[in-house]
Amino acid sequence: MTERKLLRSIAGATVIITLLGLITRGTGFVREILLANYFGLGADFDVYLVSIAFPLIIINTVTYLGQNYFVPKYNRIKSIDADSANHFTGYNLFIFTAAGSIITFILYIYSYDLLKSYLTGAGENELRTAVRLFNYFILSIPPASALSIITAYLNAEFRFDFPAYARLANNLFTILFIIILNSIIGIDSVPLALTVGMFLQFFLLYFYIRKISGVHIVLKFSRGSNSLKFDPDLIFVTLTEIIMLSFILIDRAFLAKVSPGGVAALNYAYTLYSLPISVLSIALGTAFLSKFSESASMNDDQALKNQLYNGIRITSLLYVPILFIFIVFGSDLIYIIFQRGKFDSSGTGMTNTALIYYSISLVFYAIFSLITKYLYGTHSFRYLLFIAVSGLIIKATLNIYFVDLLDFSGLALSTTIAYIVMTVFSLIPVARKIPGIIGRSSIDFIFFIIVSGASIISAFYIPSLAVDINSPADYLFLILFPAIFILNILVLNGAEVSMFDGIIAEIKIKVNKWKSNVRYF
């Protein structure tokens, strides 16, 4: 396969994942805007963010486990016997739901002691509020555990759309729930809305798979030791994900040491920072993962080199301009997106400060997200765990030092430094496997920084000499910057153009198919 055809095939795989991600994460982002309007950087919202940290890590870990444990085993069993595969799905649905229920029960019993040891320095009223919100939110663990298997099953069957629709229904219900009950029960409306929305999503998907496949909960499954043989690498993958997710847990433990609203400011800044990561990087990483795995299994080092180099180049192309926008125009974005209701100008200033510190690591973390897919594809699970542990140690150590020096912004800076170090560590095995790739990628990275900086200057500061403008978010910038950015793409060597050509072609196919369906009905 030529490089141009390779990039087009990756683009095709990326499109559907990106569009579905935009649907679900877009409504989730609207929910965050709503929370900013109702709660701003208030003390109650700080307490809420701290209270959901533990169960949120559990939910995300279980979701990841469902994907990485269930899908390969399901496909292996299905290749032997389709009926046994459905039975296997029902059995795991029971196991995951039961495990989630047990975890919820244990967390409920020890909720006060757990949060008391976590929130050192918090007052009794704050602690009791945190325990109440915590107990509301842990009720979402059982349905989330079941959803991890149901979603994994549908992904294994290449039914990507309905999980996205169910998540969309969850997000819309959550938004409506908060709008209606916020004035009555205040901050309690948030974890209650999230929990009820999770149950709604579960029931929608459970009845859907019952309808299309007849899958139902079963209490026993036996298929032979070979099909259910435990993969020890799963331990390393699970620990890696838990450690990566623990960064938020570490930050929120510093609630008593940061200024009021500091934890909330970090949350809003990271929400904005992670938006392009959650859409673009996940889509690109998912598309490239299959290519990495295929080339690694065939010992095709040249293909691996080309794929990884193109991936890093495309990532730099996409994220360097976003980095400049976040740093130069971050306060304007925050003002437009969040500043309303209880989110005032001081909240904008605090959130922008945190965003600037986070943004320094944006390109590095995006590249790291891509390289982790390469390391997964080449089965470097133990080294990924080493990177995660190293990042956690750096993060925790720098938090202690920077929180006294820079207040809440120090927590954002420690995250940035940890991400940069993790990216450097991830490049070490890549440099050994593919000599010369670091030098080529570094040159491209510097080139994109120079070109994007020139685009910023051309699009904003030059017009400002001729036109009296007072706001960085001037219409001239909004028109000129995308135009100059597209011009930058066109002067490249053609690889990125092939990628975007493939994306546009795939979108046209989806639109024409949708039009045909509309005419049919």
# chains A, B, ... in the order shown; residues from 1 in each chain; ligands from 1

$ residues_around --residues "Ser111 in chain A" --least-positions-apart "6" --cutoff "12 Å" --atoms "only C-alpha atoms" --output "PyMOL selection string"
chain A and resi 51-52+54-55+103-105+117-119+127-138

$ residues_around --residues "Ser189 in chain A" --least-positions-apart "5" --cutoff "8 Å" --atoms "only C-alpha atoms" --output "count of residues only"
4

$ atom_distance --atom1 "CA of Leu205 in chain A" --atom2 "CA of Ile57 in chain A"
22.4 Å

$ closest_residue --among "A:Tyr335, A:Ile325, A:Gly262, A:Leu275" --to "Ser409 in chain A" --atoms "only C-alpha atoms"
A:Gly262

$ closest_residue --among "A:Val403, A:Leu49, A:Ile141, A:Ile327" --to "Tyr108 in chain A" --atoms "only C-alpha atoms"
A:Ile141

$ closest_residue --among "A:Lys373, A:Arg31, A:Lys257, A:Arg210" --to "Tyr401 in chain A" --atoms "only C-alpha atoms"
A:Lys257

$ closest_residue --among "A:Tyr374, A:Lys73, A:Tyr357, A:Ile109" --to "Gly311 in chain A" --atoms "only C-alpha atoms"
A:Tyr374

$ closest_residue --among "A:Val62, A:Ile367, A:Leu176, A:Leu168" --to "Glu241 in chain A" --atoms "only C-alpha atoms"
A:Val62

$ atom_distance --atom1 "CA of Leu255 in chain A" --atom2 "CA of Asn399 in chain A"
12.0 Å

$ residues_around --residues "Gln339 in chain A" --least-positions-apart "6" --cutoff "9 Å" --atoms "only C-alpha atoms" --output "list of chain:residue names"
A:Ile33, A:Ala36, A:Asn37, A:Gly40, A:Ser345, A:Gly347, A:Thr348

$ write_last_selection --atoms "all heavy atoms" --output "short mmCIF file (atom, residue, chain, number, x, y, z; two decimals), in the first residue's frame"
data_model
loop_
_atom_site.label_atom_id
_atom_site.label_comp_id
_atom_site.auth_asym_id
_atom_site.auth_seq_id
_atom_site.Cartn_x
_atom_site.Cartn_y
_atom_site.Cartn_z
N ILE A 33 -20.55 23.69 30.25
CA ILE A 33 -20.91 25.11 30.16
C ILE A 33 -22.06 25.43 31.09
O ILE A 33 -22.08 26.47 31.77
CB ILE A 33 -21.26 25.47 28.70
CG1 ILE A 33 -20.03 25.30 27.79
CG2 ILE A 33 -21.81 26.88 28.60
CD1 ILE A 33 -20.35 25.48 26.32
N ALA A 36 -20.83 25.63 34.62
CA ALA A 36 -20.14 26.90 34.85
C ALA A 36 -21.14 28.02 35.10
O ALA A 36 -20.93 28.89 35.95
CB ALA A 36 -19.26 27.24 33.65
N ASN A 37 -22.24 28.00 34.38
CA ASN A 37 -23.27 29.03 34.54
C ASN A 37 -23.93 28.97 35.92
O ASN A 37 -24.15 29.99 36.56
CB ASN A 37 -24.33 28.86 33.45
CG ASN A 37 -25.49 29.83 33.61
OD1 ASN A 37 -25.30 31.04 33.57
ND2 ASN A 37 -26.68 29.31 33.80
N GLY A 40 -20.24 28.22 38.71
CA GLY A 40 -19.02 29.02 38.60
C GLY A 40 -17.84 28.34 39.27
O GLY A 40 -17.59 27.15 39.10
N SER A 345 -15.82 37.36 35.78
CA SER A 345 -14.54 37.69 35.16
C SER A 345 -13.35 37.17 35.94
O SER A 345 -12.32 36.82 35.36
CB SER A 345 -14.42 39.21 35.00
OG SER A 345 -14.54 39.86 36.26
N GLY A 347 -13.32 34.37 37.53
CA GLY A 347 -13.26 32.97 37.14
C GLY A 347 -12.58 32.79 35.79
O GLY A 347 -11.82 31.84 35.57
N THR A 348 -12.85 33.72 34.86
CA THR A 348 -12.20 33.69 33.56
C THR A 348 -10.69 33.84 33.70
O THR A 348 -9.92 33.13 33.06
CB THR A 348 -12.75 34.80 32.65
OG1 THR A 348 -14.14 34.56 32.41
CG2 THR A 348 -12.01 34.84 31.32
#

$ closest_residue --among "A:Leu239, A:Leu34, A:Val47, A:Ile23" --to "Ala256 in chain A" --atoms "only C-alpha atoms"
A:Val47

$ residues_around --residues "Val263 in chain A" --least-positions-apart "5" --cutoff "12 Å" --atoms "only C-alpha atoms" --output "ChimeraX atom specification"
/A:40-51,53,248-258,268-270,347,350-351,354,403,407-412

$ write_last_selection --atoms "N, CA, C and O atoms" --output "compact mmCIF listing (two decimals), in the first residue's frame"
# COMPACT_ATOMS: atom_id res chain seq x y z
N GLY A 40 -20.24 28.22 38.71
CA GLY A 40 -19.02 29.02 38.60
C GLY A 40 -17.84 28.34 39.27
O GLY A 40 -17.59 27.15 39.10
N LEU A 41 -17.11 29.13 40.09
CA LEU A 41 -15.98 28.62 40.84
C LEU A 41 -16.31 28.58 42.33
O LEU A 41 -15.47 28.80 43.20
N GLY A 42 -17.58 28.27 42.63
CA GLY A 42 -18.04 28.25 44.00
C GLY A 42 -17.46 27.10 44.81
O GLY A 42 -17.01 26.09 44.27
N ALA A 43 -17.53 27.24 46.15
CA ALA A 43 -16.97 26.24 47.05
C ALA A 43 -17.70 24.90 46.90
O ALA A 43 -17.08 23.83 46.97
N ASP A 44 -19.02 24.94 46.69
CA ASP A 44 -19.78 23.70 46.54
C ASP A 44 -19.31 22.90 45.32
O ASP A 44 -19.25 21.66 45.37
N PHE A 45 -18.98 23.62 44.25
CA PHE A 45 -18.53 22.92 43.04
C PHE A 45 -17.14 22.32 43.25
O PHE A 45 -16.85 21.23 42.74
N ASP A 46 -16.29 23.00 44.01
CA ASP A 46 -14.99 22.42 44.37
C ASP A 46 -15.18 21.10 45.11
O ASP A 46 -14.52 20.10 44.81
N VAL A 47 -16.09 21.11 46.09
CA VAL A 47 -16.34 19.91 46.89
C VAL A 47 -16.91 18.79 46.00
O VAL A 47 -16.54 17.62 46.13
N TYR A 48 -17.80 19.16 45.09
CA TYR A 48 -18.36 18.16 44.17
C TYR A 48 -17.27 17.50 43.33
O TYR A 48 -17.24 16.26 43.18
N LEU A 49 -16.36 18.31 42.78
CA LEU A 49 -15.30 17.77 41.95
C LEU A 49 -14.40 16.81 42.72
O LEU A 49 -13.96 15.78 42.19
N VAL A 50 -14.15 17.14 43.99
CA VAL A 50 -13.33 16.26 44.82
C VAL A 50 -14.08 14.97 45.13
O VAL A 50 -13.51 13.87 45.10
N SER A 51 -15.37 15.07 45.40
CA SER A 51 -16.16 13.91 45.83
C SER A 51 -16.30 12.86 44.75
O SER A 51 -16.44 11.66 45.04
N ALA A 53 -14.05 12.13 42.40
CA ALA A 53 -12.76 11.71 41.84
C ALA A 53 -12.58 10.20 41.92
O ALA A 53 -12.22 9.55 40.92
N ILE A 248 -5.84 13.42 38.30
CA ILE A 248 -6.94 14.25 38.79
C ILE A 248 -7.13 14.03 40.28
O ILE A 248 -7.36 14.98 41.05
N LEU A 249 -7.02 12.78 40.71
CA LEU A 249 -7.19 12.44 42.13
C LEU A 249 -6.14 13.16 42.98
O LEU A 249 -6.45 13.68 44.05
N ILE A 250 -4.92 13.19 42.48
CA ILE A 250 -3.84 13.86 43.23
C ILE A 250 -4.11 15.36 43.33
O ILE A 250 -3.96 15.97 44.40
N ASP A 251 -4.52 15.99 42.24
CA ASP A 251 -4.79 17.43 42.25
C ASP A 251 -5.90 17.78 43.24
O ASP A 251 -5.78 18.75 43.99
N ARG A 252 -6.96 17.01 43.23
CA ARG A 252 -8.12 17.36 44.06
C ARG A 252 -7.89 17.09 45.54
O ARG A 252 -8.66 17.54 46.38
N ALA A 253 -6.83 16.35 45.86
CA ALA A 253 -6.46 16.17 47.26
C ALA A 253 -5.91 17.45 47.87
O ALA A 253 -5.80 17.57 49.09
N PHE A 254 -5.55 18.44 47.01
CA PHE A 254 -4.99 19.70 47.47
C PHE A 254 -6.07 20.78 47.63
O PHE A 254 -5.76 21.97 47.63
N LEU A 255 -7.33 20.36 47.79
CA LEU A 255 -8.44 21.31 47.91
C LEU A 255 -8.19 22.34 49.01
O LEU A 255 -8.44 23.54 48.82
N ALA A 256 -7.71 21.90 50.17
CA ALA A 256 -7.52 22.80 51.30
C ALA A 256 -6.32 23.72 51.13
O ALA A 256 -6.20 24.71 51.88
N LYS A 257 -5.44 23.46 50.14
CA LYS A 257 -4.22 24.24 49.99
C LYS A 257 -4.29 25.27 48.87
O LYS A 257 -3.38 26.08 48.72
N VAL A 258 -5.34 25.23 48.05
CA VAL A 258 -5.45 26.18 46.95
C VAL A 258 -6.51 27.22 47.27
O VAL A 258 -7.34 27.03 48.17
N TYR A 268 -12.31 23.44 34.66
CA TYR A 268 -12.76 24.11 33.43
C TYR A 268 -11.62 24.22 32.42
O TYR A 268 -11.82 24.01 31.22
N ALA A 269 -10.42 24.56 32.91
CA ALA A 269 -9.27 24.68 32.02
C ALA A 269 -8.93 23.34 31.38
O ALA A 269 -8.66 23.27 30.17
N TYR A 270 -8.96 22.28 32.17
CA TYR A 270 -8.61 20.97 31.63
C TYR A 270 -9.71 20.46 30.69
O TYR A 270 -9.42 19.75 29.72
N GLY A 347 -13.32 34.37 37.53
CA GLY A 347 -13.26 32.97 37.14
C GLY A 347 -12.58 32.79 35.79
O GLY A 347 -11.82 31.84 35.57
N MET A 350 -8.78 33.18 36.39
CA MET A 350 -8.19 32.00 37.03
C MET A 350 -8.12 30.82 36.06
O MET A 350 -7.10 30.12 35.97
N THR A 351 -9.19 30.62 35.31
CA THR A 351 -9.23 29.50 34.36
C THR A 351 -8.22 29.70 33.23
O THR A 351 -7.55 28.75 32.80
N ALA A 354 -4.68 28.80 34.39
CA ALA A 354 -4.48 27.35 34.40
C ALA A 354 -4.36 26.81 32.98
O ALA A 354 -3.54 25.92 32.70
N VAL A 403 2.46 23.96 44.57
CA VAL A 403 1.21 24.48 45.12
C VAL A 403 1.48 25.65 46.06
O VAL A 403 0.67 26.59 46.16
N ASP A 407 0.15 28.44 43.77
CA ASP A 407 -1.24 28.16 44.12
C ASP A 407 -1.79 27.08 43.18
O ASP A 407 -1.08 26.15 42.81
N PHE A 408 -3.05 27.19 42.73
CA PHE A 408 -3.65 26.16 41.89
C PHE A 408 -2.95 26.02 40.55
O PHE A 408 -2.95 24.94 39.94
N SER A 409 -2.36 27.11 40.05
CA SER A 409 -1.65 27.05 38.77
C SER A 409 -0.46 26.09 38.84
O SER A 409 -0.05 25.51 37.83
N GLY A 410 0.10 25.95 40.03
CA GLY A 410 1.21 25.02 40.21
C GLY A 410 0.81 23.59 39.92
O GLY A 410 1.63 22.78 39.44
N LEU A 411 -0.44 23.25 40.21
CA LEU A 411 -0.92 21.90 39.92
C LEU A 411 -1.01 21.67 38.41
O LEU A 411 -0.73 20.58 37.92
N ALA A 412 -1.41 22.71 37.68
CA ALA A 412 -1.45 22.61 36.21
C ALA A 412 -0.04 22.50 35.64
O ALA A 412 0.21 21.72 34.71
